[in-house]
Amino acid sequence: MKPRMHASMASWQRSGAIAFAALLLGGVAAEAAEGTRADLVNRSVLRVCADPANLPFSSDDPEKPGFENKIAEIVAEEMGGIAVEHTWFPQATGFIRRTLSSKVCDLVVGFAQGDELVLNTNHYYRSAYALVFKKNAAGFEGIDQLSDARLKGKRIGIVAGTPPATVMNRAGLLGSAKPYHLFVDRRYDSPAELMVKDIRSGDIDAGILWGPNAGYFASQGGKDDLAIVPLLKEGRQPPMTFRITMGVRQSDIQWKRELNDIIKKRQGDIDQVLLDFKVPIIDEKDQLITSARK
């Protein structure tokens with residue numbers, strides 16, 4: 001009996017050792033496979049996919065960069081001070097396919113959370129669509145949502161096809177609205193800039209813009225004559241607030257983790273860049289962030 005028991009135990013130990021070795025090797029193989037995928041990302045230079053004429057977000061003009069250009073520099077600095085190399089392509093249909101998916105670049109600095117075209121990092125800011133009007137405009141005091149009856153009959157600018165258009169329709173405001181194009185070549189046309197100009201000239205009473213556009217264009221020329229009111233009371237359908245992440249390829253899991261670490265470490269510096277560009281940053285309690293987080 002004893003010899004058989006010993007033989008059986010020895011057999012079990014051998015089987016266990018083989019199983020453990022297989023498990024260990026499997027883990028090593030998995031790590032190696034992930035490492036291979038991660039190696040597709042060029043770490044000797046930060047290759048960024050960006051629109052060449054999309055201020056305040058990105059620009060190919062070194063004399064007038066966007067905030068995404070500056071955030072890319074922060075990432076490159078954390079990677080050992082490597083250079084930033086841009087692949088420029090208009091942010092329209094085919095942008096991801098022609099840039100990130102084609103592996104000619106490795107990072108989109110600004111991408112809305114939840115979009116399946118990319119693998120999202122943790123978000124590095126949250127903002128909202130905002131109502132823009134002259135600070136001294138009669139009848140606008142205290143307005144912070146589109147259902148306010150005082151907006152009825154007002155000529156309000158709206159970028160066609162954006163979420164606020166649905167909310168305006170629900171509030172009965174589209175009849176007197178002035179539409180602005182959504183899909184344009186930003187090298188030649190800037191709907192947000194034009195809308196702000198029209199508010200100042202009196203052609204429209206107010207306008208609704210994505211927060212970064214509202215804050216940036218309202219502050220151009222050092223002016224402080226326009227109120228920027230984030231629309232935070234409109235409910236969730238359609239959403240008026242969005243978390244903005246960095247986007248990478250779906251397979252670049254390790255690269256995403258590295259970027260998450262950089263975002264966490266440099267959040268304060270990223271905040272400061274956004275604040276310098278007058279981006280209304282909203283925290284998870286719907287409060288404006290007015291100074292860089294530590």
# chains A, B, ... in the order shown; residues from 1 in each chain; ligands from 1
$ select_by_dssp --residues "region 36-233 of chain A" --states "alpha helix (DSSP H)" --output "JSON, numbers by chain"
{"A": [36, 37, 38, 67, 68, 69, 70, 71, 72, 73, 74, 75, 76, 77, 78, 95, 96, 97, 98, 163, 164, 165, 166, 167, 168, 169, 170, 191, 192, 193, 194, 195, 196, 197, 198, 199, 200, 201, 211, 212, 213, 214, 215, 216, 217, 218]}
$ closest_atom_pairs --of "region 197-243 of chain A" --to "region 126-132 of chain A" --cutoff "9 Å" --atoms "only C-alpha atoms" --output "tab-separated table"
residue	atom	partner	partner_atom	distance
A:Ile199	CA	A:Val132	CA	8.0
A:Asp205	CA	A:Val132	CA	8.9
A:Ala206	CA	A:Val132	CA	5.5
A:Gly207	CA	A:Val132	CA	5.1
A:Ile208	CA	A:Leu131	CA	4.7
A:Leu209	CA	A:Tyr129	CA	5.5
A:Trp210	CA	A:Tyr129	CA	4.2
A:Gly211	CA	A:Tyr129	CA	5.0
A:Pro212	CA	A:Ser127	CA	7.5
A:Ala214	CA	A:Ala130	CA	6.8
A:Gly215	CA	A:Ala130	CA	8.8
A:Ala218	CA	A:Val132	CA	8.3
A:Leu226	CA	A:Val132	CA	6.5
A:Ala227	CA	A:Val132	CA	5.6
A:Ile228	CA	A:Val132	CA	4.9
A:Val229	CA	A:Leu131	CA	5.1
A:Pro230	CA	A:Ala130	CA	4.0
A:Leu231	CA	A:Ala130	CA	5.2
A:Leu232	CA	A:Ala128	CA	7.2
A:Pro239	CA	A:Ala128	CA	8.8
A:Met240	CA	A:Ala128	CA	5.5
A:Thr241	CA	A:Ala128	CA	4.1
A:Phe242	CA	A:Arg126	CA	5.6
A:Arg243	CA	A:Arg126	CA	4.3
$ select_by_dssp --residues "region 50-264 of chain A" --states "strand (DSSP E)" --output "NGL selection string"
:A and (50 or 53-54 or 58-59 or 83-88 or 107-112 or 119-120 or 125-134 or 156-159 or 178-180 or 206-210 or 226-230 or 241-248)
$ atom_distance --atom1 "CA of Ala112 (chain A)" --atom2 "CA of Thr245 (chain A)"
6.0 Å
$ residues_around --residues "Pro238 (chain A)" --least-positions-apart "4" --cutoff "10 Å" --atoms "only C-alpha atoms" --output "compact mmCIF listing (two decimals) with N, CA and C atoms, in the first residue's frame"
# COMPACT_ATOMS: atom_id res chain seq x y z
N THR A 162 -25.61 69.41 -32.99
CA THR A 162 -25.01 69.21 -31.67
C THR A 162 -26.11 68.93 -30.64
N PRO A 163 -25.76 68.32 -29.50
CA PRO A 163 -26.79 67.97 -28.50
C PRO A 163 -27.70 69.12 -28.07
N PRO A 164 -27.19 70.36 -27.92
CA PRO A 164 -28.08 71.43 -27.49
C PRO A 164 -29.22 71.72 -28.47
N ALA A 165 -29.03 71.38 -29.75
CA ALA A 165 -30.09 71.61 -30.74
C ALA A 165 -31.34 70.81 -30.36
N THR A 166 -31.14 69.59 -29.86
CA THR A 166 -32.27 68.76 -29.43
C THR A 166 -32.97 69.40 -28.24
N VAL A 167 -32.18 69.91 -27.29
CA VAL A 167 -32.75 70.55 -26.11
C VAL A 167 -33.49 71.83 -26.50
N GLU A 234 -29.83 70.48 -17.69
CA GLU A 234 -30.69 70.05 -18.79
C GLU A 234 -31.01 68.56 -18.78
$ residues_around --residues "region 85-95 of chain A" --least-positions-apart "5" --cutoff "6 Å" --atoms "only C-alpha atoms" --output "list in words"
Leu46, Arg47, Val48, Cys49, Ala50, Asp51 and Pro52 of chain A
$ residues_around --residues "Ser101 (chain A)" --least-positions-apart "5" --cutoff "10 Å" --atoms "only C-alpha atoms" --output "PyMOL selection string"
chain A and resi 94-96+106+117-118+248-250
$ write_last_selection --atoms "N, CA, C and O atoms" --output "compact mmCIF listing (two decimals), in the first residue's frame"
# COMPACT_ATOMS: atom_id res chain seq x y z
N GLY A 94 -13.39 59.82 -41.16
CA GLY A 94 -12.16 59.15 -41.60
C GLY A 94 -10.93 59.55 -40.82
O GLY A 94 -9.84 59.02 -41.09
N PHE A 95 -11.07 60.46 -39.86
CA PHE A 95 -9.90 60.94 -39.11
C PHE A 95 -9.16 59.80 -38.42
O PHE A 95 -7.95 59.64 -38.59
N ILE A 96 -9.86 58.99 -37.63
CA ILE A 96 -9.22 57.90 -36.91
C ILE A 96 -8.69 56.84 -37.87
O ILE A 96 -7.57 56.32 -37.71
N ASP A 106 0.26 57.57 -32.75
CA ASP A 106 -0.07 56.70 -31.63
C ASP A 106 -1.01 57.30 -30.59
O ASP A 106 -1.39 56.62 -29.64
N LEU A 117 -14.46 54.10 -31.27
CA LEU A 117 -13.43 54.16 -32.30
C LEU A 117 -12.04 54.02 -31.70
O LEU A 117 -11.10 53.63 -32.40
N VAL A 118 -11.89 54.38 -30.42
CA VAL A 118 -10.58 54.33 -29.78
C VAL A 118 -10.70 53.63 -28.43
O VAL A 118 -11.79 53.42 -27.91
N VAL A 248 -6.27 55.93 -27.82
CA VAL A 248 -5.22 55.09 -28.41
C VAL A 248 -5.90 53.93 -29.13
O VAL A 248 -7.11 53.75 -29.06
N ARG A 249 -5.11 53.13 -29.83
CA ARG A 249 -5.67 51.96 -30.51
C ARG A 249 -6.19 50.95 -29.49
O ARG A 249 -5.66 50.83 -28.38
N GLN A 250 -7.22 50.19 -29.88
CA GLN A 250 -7.84 49.23 -28.98
C GLN A 250 -6.84 48.20 -28.44
O GLN A 250 -7.00 47.70 -27.33
$ atom_distance --atom1 "CA of His123 (chain A)" --atom2 "CA of Gln254 (chain A)"
16.6 Å
$ residues_around --residues "Arg266 (chain A)" --least-positions-apart "6" --cutoff "10 Å" --atoms "only C-alpha atoms" --output "VMD selection string"
chain A and resid 71 74 to 75 78 124 260 293 to 294
$ atom_distance --atom1 "CA of Ile156 (chain A)" --atom2 "CA of Ser190 (chain A)"
17.3 Å
$ closest_residue --among "A:Gln113, A:Asn213, A:Gln220, A:Ser147" --to "Asn169 (chain A)" --atoms "only C-alpha atoms"
A:Ser147
$ residues_around --residues "Gly202 (chain A)" --least-positions-apart "5" --cutoff "12 Å" --atoms "only C-alpha atoms" --output "PyMOL selection string"
chain A and resi 133-134+137+154-157+195-197+207
